[in-house]
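Q: Let me give you the structure first, and then I'll get to my questions.
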Amino acid sequence: MSGVDLARHDVIRDFRAQLARFLHAGATALGGAGGELHRVRDWLWSVQRPYWRNQLRHRHEAYVVARRAWLDAEVEVRQAAGGRGARRQDATEERFAMERARRARDQAEERVATVRAWLARLERDGAPLAHACQGHDLALARAGAQALAQLERLAAHVDAYLALPASAADVARAAPGDDPDDAPVDGRGGPACAS
Amino acid sequence: MRFVSGGDGALDQALRDLLAEWADCEAAWRDDARRDFAERHLDGIVDRAREAVVAIKRLDALLREGIQRCS
């Protein structure tokens with residue numbers, strides 16, 4: 001490093017602290033990405049998938065019962081019309097009940113298919129994204145560690161410069177052509193210096 | 001139940017904070033070492049972080065949609 005031109009002597013360490021905070025936030029977010037994918041996949045596989053398969057079985061059974069009731073009611077209506085059984089106007093109520101049961105069963109069927117499709121999609125699209133996040137996490141950690149070390153070296157260099165006696169600092173200061181009136185203030189109240 | 005932590009927003013905000021701090025830093029640190037640090041270290045970190053934000057946002061959106069569709 002050939003020169004130091006700082007308006008505040010702690011500017012490098014302030015930025016270093018901010019970079020450290022950024023790296024911590026990045027590691028937390030990126031490091032957690034794979035776990036989030038795993039939790040959602042696990043929830044789909046072990047909670048939603050059995051839940052909707054169970055619902056499908058129950059709702060199909062309910063539909064079969066409702067359909068049987070409707071068919072029985074239809075027979076009763078026909079028999080009533082032929083004067084052979086109890087009087088029965090129609091089987092509308094049973095038909096509505098059967099249609100409700102069929103819709104509920106179809107919904108469960110759709111959910112089973114949706115959960116299956118999303119399990120495949122998370123594998124196809126989610127796993128590469130989680131893998132990419134992991135790669136970014138590692139790369140940022142590596143580059144971040146180097147950047148933090150470099151900032152520490154630069155800050156130490158500034159500290160060493162500020163620890164110089166004023167006369168030595170004056171000798172080390174200011175590249176040719178610097179305008180003294182425009183010079184920033186260093187940590188000792190003097191102009192910032194080149195070293 | 002909560003599966004998605006919102007890490008995409010946290011990373012995005014952390015990057016914004018870092019860039020804001022760097023803008024302050026640029027005003028107060030005006031020598032070649034600052035430019036050299038930016039070229040050798042910071043620019044790469046920022047580029048990588050932007051890619052990371054895109055990836056984690058896409059993953060977050062995917063997971064949220066999956067949770068919503070399958071609930």
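Residues are referred to by chain and number: the chain letter is A, B, ... according to the order shown in the structure tokens, the number counts from 1 in that chain, and ligands are numbered separately from 1 in the order shown.
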Compute the chain A side of the contact with chain B at 8 Å, counting only C-alpha atoms, and hand it back as a ChimeraX atom specification.

A: /A:1-8,11-12,15,18-19,21-22,25-26,28-30,32-33,36-37,39-40,44,48,111,114-115,118,122,126,129-130,132-133,136-137,139-140,143-144,146-147,150,154

Q: So that I have them on file, write out the residues from the current selection with N, CA and C atoms, as a short mmCIF file (atom, residue, chain, number, x, y, z; two decimals), in the first residue's frame.

A:
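Printed below is part_1.cif as written:
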```
data_model
loop_
_atom_site.label_atom_id
_atom_site.label_comp_id
_atom_site.auth_asym_id
_atom_site.auth_seq_id
_atom_site.Cartn_x
_atom_site.Cartn_y
_atom_site.Cartn_z
N MET A 1 0.85 -1.19 0.00
CA MET A 1 0.00 0.00 0.00
C MET A 1 0.89 1.24 0.00
N SER A 2 0.62 2.17 -0.88
CA SER A 2 1.52 3.31 -0.99
C SER A 2 1.01 4.53 -0.25
N GLY A 3 -0.30 4.73 -0.07
CA GLY A 3 -0.78 5.97 0.54
C GLY A 3 -1.97 5.74 1.43
N VAL A 4 -2.15 6.66 2.39
CA VAL A 4 -3.32 6.62 3.27
C VAL A 4 -4.02 7.95 3.16
N ASP A 5 -5.28 7.91 2.79
CA ASP A 5 -6.06 9.15 2.68
C ASP A 5 -7.43 8.88 3.28
N LEU A 6 -7.51 9.14 4.57
CA LEU A 6 -8.73 8.82 5.31
C LEU A 6 -9.28 10.08 5.96
N ALA A 7 -10.59 10.28 5.86
CA ALA A 7 -11.22 11.39 6.57
C ALA A 7 -11.43 11.04 8.04
N ARG A 8 -11.58 9.71 8.30
CA ARG A 8 -11.73 9.24 9.69
C ARG A 8 -10.79 8.07 9.86
N VAL A 11 -12.50 4.46 9.64
CA VAL A 11 -13.41 4.13 8.54
C VAL A 11 -13.22 2.69 8.05
N ILE A 12 -11.99 2.23 8.03
CA ILE A 12 -11.74 0.87 7.54
C ILE A 12 -12.32 -0.16 8.52
N PHE A 15 -16.07 -0.26 8.26
CA PHE A 15 -16.54 -1.03 7.11
C PHE A 15 -16.29 -2.51 7.33
N GLN A 18 -19.08 -3.87 9.27
CA GLN A 18 -20.29 -4.02 8.45
C GLN A 18 -20.17 -5.24 7.54
N LEU A 19 -18.98 -5.43 6.98
CA LEU A 19 -18.76 -6.61 6.13
C LEU A 19 -18.94 -7.89 6.94
N ARG A 21 -20.86 -8.27 9.51
CA ARG A 21 -22.31 -8.45 9.74
C ARG A 21 -22.97 -9.00 8.48
N PHE A 22 -22.57 -8.47 7.34
CA PHE A 22 -23.14 -8.95 6.07
C PHE A 22 -22.83 -10.44 5.88
N ALA A 25 -25.01 -12.53 8.10
CA ALA A 25 -26.39 -12.61 7.59
C ALA A 25 -26.45 -13.53 6.37
N GLY A 26 -25.45 -13.42 5.51
CA GLY A 26 -25.41 -14.27 4.32
C GLY A 26 -25.28 -15.73 4.68
N THR A 28 -26.16 -17.17 7.44
CA THR A 28 -27.39 -17.63 8.07
C THR A 28 -28.45 -17.94 7.01
N ALA A 29 -28.62 -16.99 6.07
CA ALA A 29 -29.67 -17.16 5.05
C ALA A 29 -29.32 -18.30 4.10
N LEU A 30 -28.12 -18.29 3.58
CA LEU A 30 -27.75 -19.29 2.57
C LEU A 30 -27.55 -20.67 3.19
N GLY A 32 -29.15 -21.81 5.62
CA GLY A 32 -30.44 -22.37 6.00
C GLY A 32 -31.29 -22.80 4.83
N ALA A 33 -30.87 -22.45 3.61
CA ALA A 33 -31.71 -22.72 2.44
C ALA A 33 -31.94 -24.22 2.22
N GLU A 36 -34.42 -25.54 4.72
CA GLU A 36 -35.81 -25.15 4.42
C GLU A 36 -36.40 -26.06 3.35
N LEU A 37 -35.61 -26.33 2.33
CA LEU A 37 -36.09 -27.25 1.27
C LEU A 37 -36.38 -28.61 1.88
N ARG A 39 -37.14 -29.36 4.97
CA ARG A 39 -38.32 -29.34 5.85
C ARG A 39 -39.61 -29.35 5.04
N VAL A 40 -39.65 -28.58 3.95
CA VAL A 40 -40.87 -28.55 3.13
C VAL A 40 -41.10 -29.91 2.46
N LEU A 44 -44.28 -32.37 3.04
CA LEU A 44 -45.12 -32.90 1.96
C LEU A 44 -45.18 -34.42 2.01
N GLN A 48 -48.49 -34.17 4.47
CA GLN A 48 -49.54 -33.88 3.50
C GLN A 48 -49.90 -35.08 2.62
N ARG A 111 -55.64 -33.10 -4.69
CA ARG A 111 -54.60 -32.78 -3.71
C ARG A 111 -53.51 -33.84 -3.69
N THR A 114 -51.50 -33.13 -6.60
CA THR A 114 -50.72 -31.89 -6.42
C THR A 114 -49.51 -32.13 -5.53
N VAL A 115 -49.73 -32.85 -4.44
CA VAL A 115 -48.61 -33.13 -3.53
C VAL A 115 -47.54 -33.95 -4.25
N TRP A 118 -45.68 -31.69 -6.59
CA TRP A 118 -44.78 -30.76 -5.91
C TRP A 118 -43.56 -31.45 -5.33
N LEU A 122 -40.02 -30.02 -6.36
CA LEU A 122 -38.99 -29.59 -5.42
C LEU A 122 -37.67 -30.31 -5.69
N GLY A 126 -36.09 -27.28 -6.90
CA GLY A 126 -35.64 -26.80 -5.59
C GLY A 126 -34.24 -27.26 -5.25
N LEU A 129 -31.49 -25.19 -6.78
CA LEU A 129 -31.42 -23.85 -6.16
C LEU A 129 -30.76 -23.93 -4.79
N ALA A 130 -31.13 -24.94 -4.02
CA ALA A 130 -30.50 -25.12 -2.70
C ALA A 130 -29.00 -25.39 -2.87
N ALA A 132 -27.18 -24.32 -5.34
CA ALA A 132 -26.58 -23.03 -5.74
C ALA A 132 -26.37 -22.16 -4.50
N CYS A 133 -27.36 -22.15 -3.61
CA CYS A 133 -27.22 -21.34 -2.38
C CYS A 133 -26.03 -21.83 -1.56
N HIS A 136 -22.92 -20.50 -3.17
CA HIS A 136 -22.75 -19.08 -2.87
C HIS A 136 -22.28 -18.90 -1.42
N ASP A 137 -22.84 -19.71 -0.55
CA ASP A 137 -22.46 -19.64 0.87
C ASP A 137 -20.96 -19.89 1.04
N ALA A 139 -18.60 -19.77 -1.28
CA ALA A 139 -17.79 -18.76 -1.99
C ALA A 139 -17.73 -17.45 -1.21
N LEU A 140 -18.87 -17.05 -0.66
CA LEU A 140 -18.89 -15.80 0.12
C LEU A 140 -18.05 -15.93 1.39
N ALA A 143 -14.34 -15.76 0.16
CA ALA A 143 -13.97 -14.40 -0.27
C ALA A 143 -14.08 -13.42 0.89
N GLY A 144 -15.08 -13.63 1.73
CA GLY A 144 -15.29 -12.74 2.87
C GLY A 144 -14.13 -12.81 3.86
N GLN A 146 -11.07 -13.58 3.21
CA GLN A 146 -9.91 -12.89 2.62
C GLN A 146 -10.08 -11.37 2.71
N ALA A 147 -11.32 -10.91 2.46
CA ALA A 147 -11.57 -9.46 2.50
C ALA A 147 -11.42 -8.93 3.92
N GLN A 150 -7.79 -8.71 4.70
CA GLN A 150 -7.16 -7.57 4.02
C GLN A 150 -7.52 -6.25 4.71
N LEU A 154 -5.06 -3.52 6.36
CA LEU A 154 -5.11 -2.09 6.01
C LEU A 154 -5.32 -1.23 7.26
#
```

Q: Show me, as JSON, numbers by chain, the residues that have an atom within 12 Å of His58 in chain A when counting only C-alpha atoms, minus same-chain residues fewer than 2 positions from it.

A: {"A": [51, 52, 53, 54, 55, 56, 60, 61, 62, 63, 64, 65, 101, 102, 104, 105, 106, 108, 109]}

Q: Using backbone DSSP assignments, extract all alpha helix (DSSP H) residues from range 70-133 of chain A; output them as a PyMOL selection string.

A: chain A and resi 70-81+92-121+127-133

Q: With distances taken over only C-alpha atoms, which residue among A:Arg68, A:Arg41, A:Asp10, A:Ala17 lies nearest Arg116 in chain A?

A: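 Answer, going by the shortest atom-to-atom distance: A:Arg41.
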
Q: Could you jot down the CA of Glu152 in chain A to CA of Ala20 in chain A separation for me, Å, one decimal place?

A: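 Distance between the two atoms: 11.6 Å.
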
Q: With distances taken over only C-alpha atoms, which residue among A:Arg95, A:Arg57, A:His131, A:Arg87 lies nearest Leu71 in chain A?

A: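 Comparing A:Arg95, A:Arg57, A:His131, A:Arg87 against Leu71 in chain A, the winner is A:Arg95.
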
Q: Pick the closest to Ala141 in chain A from A:Arg16, A:Arg88, A:His24, A:His9: which is it, counting only C-alpha atoms?

A: A:His24

Q: Just give me the gap between CA of Gly135 in chain A and CA of Gly31 in chain A in Å, one decimal is fine.

A: 9.7 Å
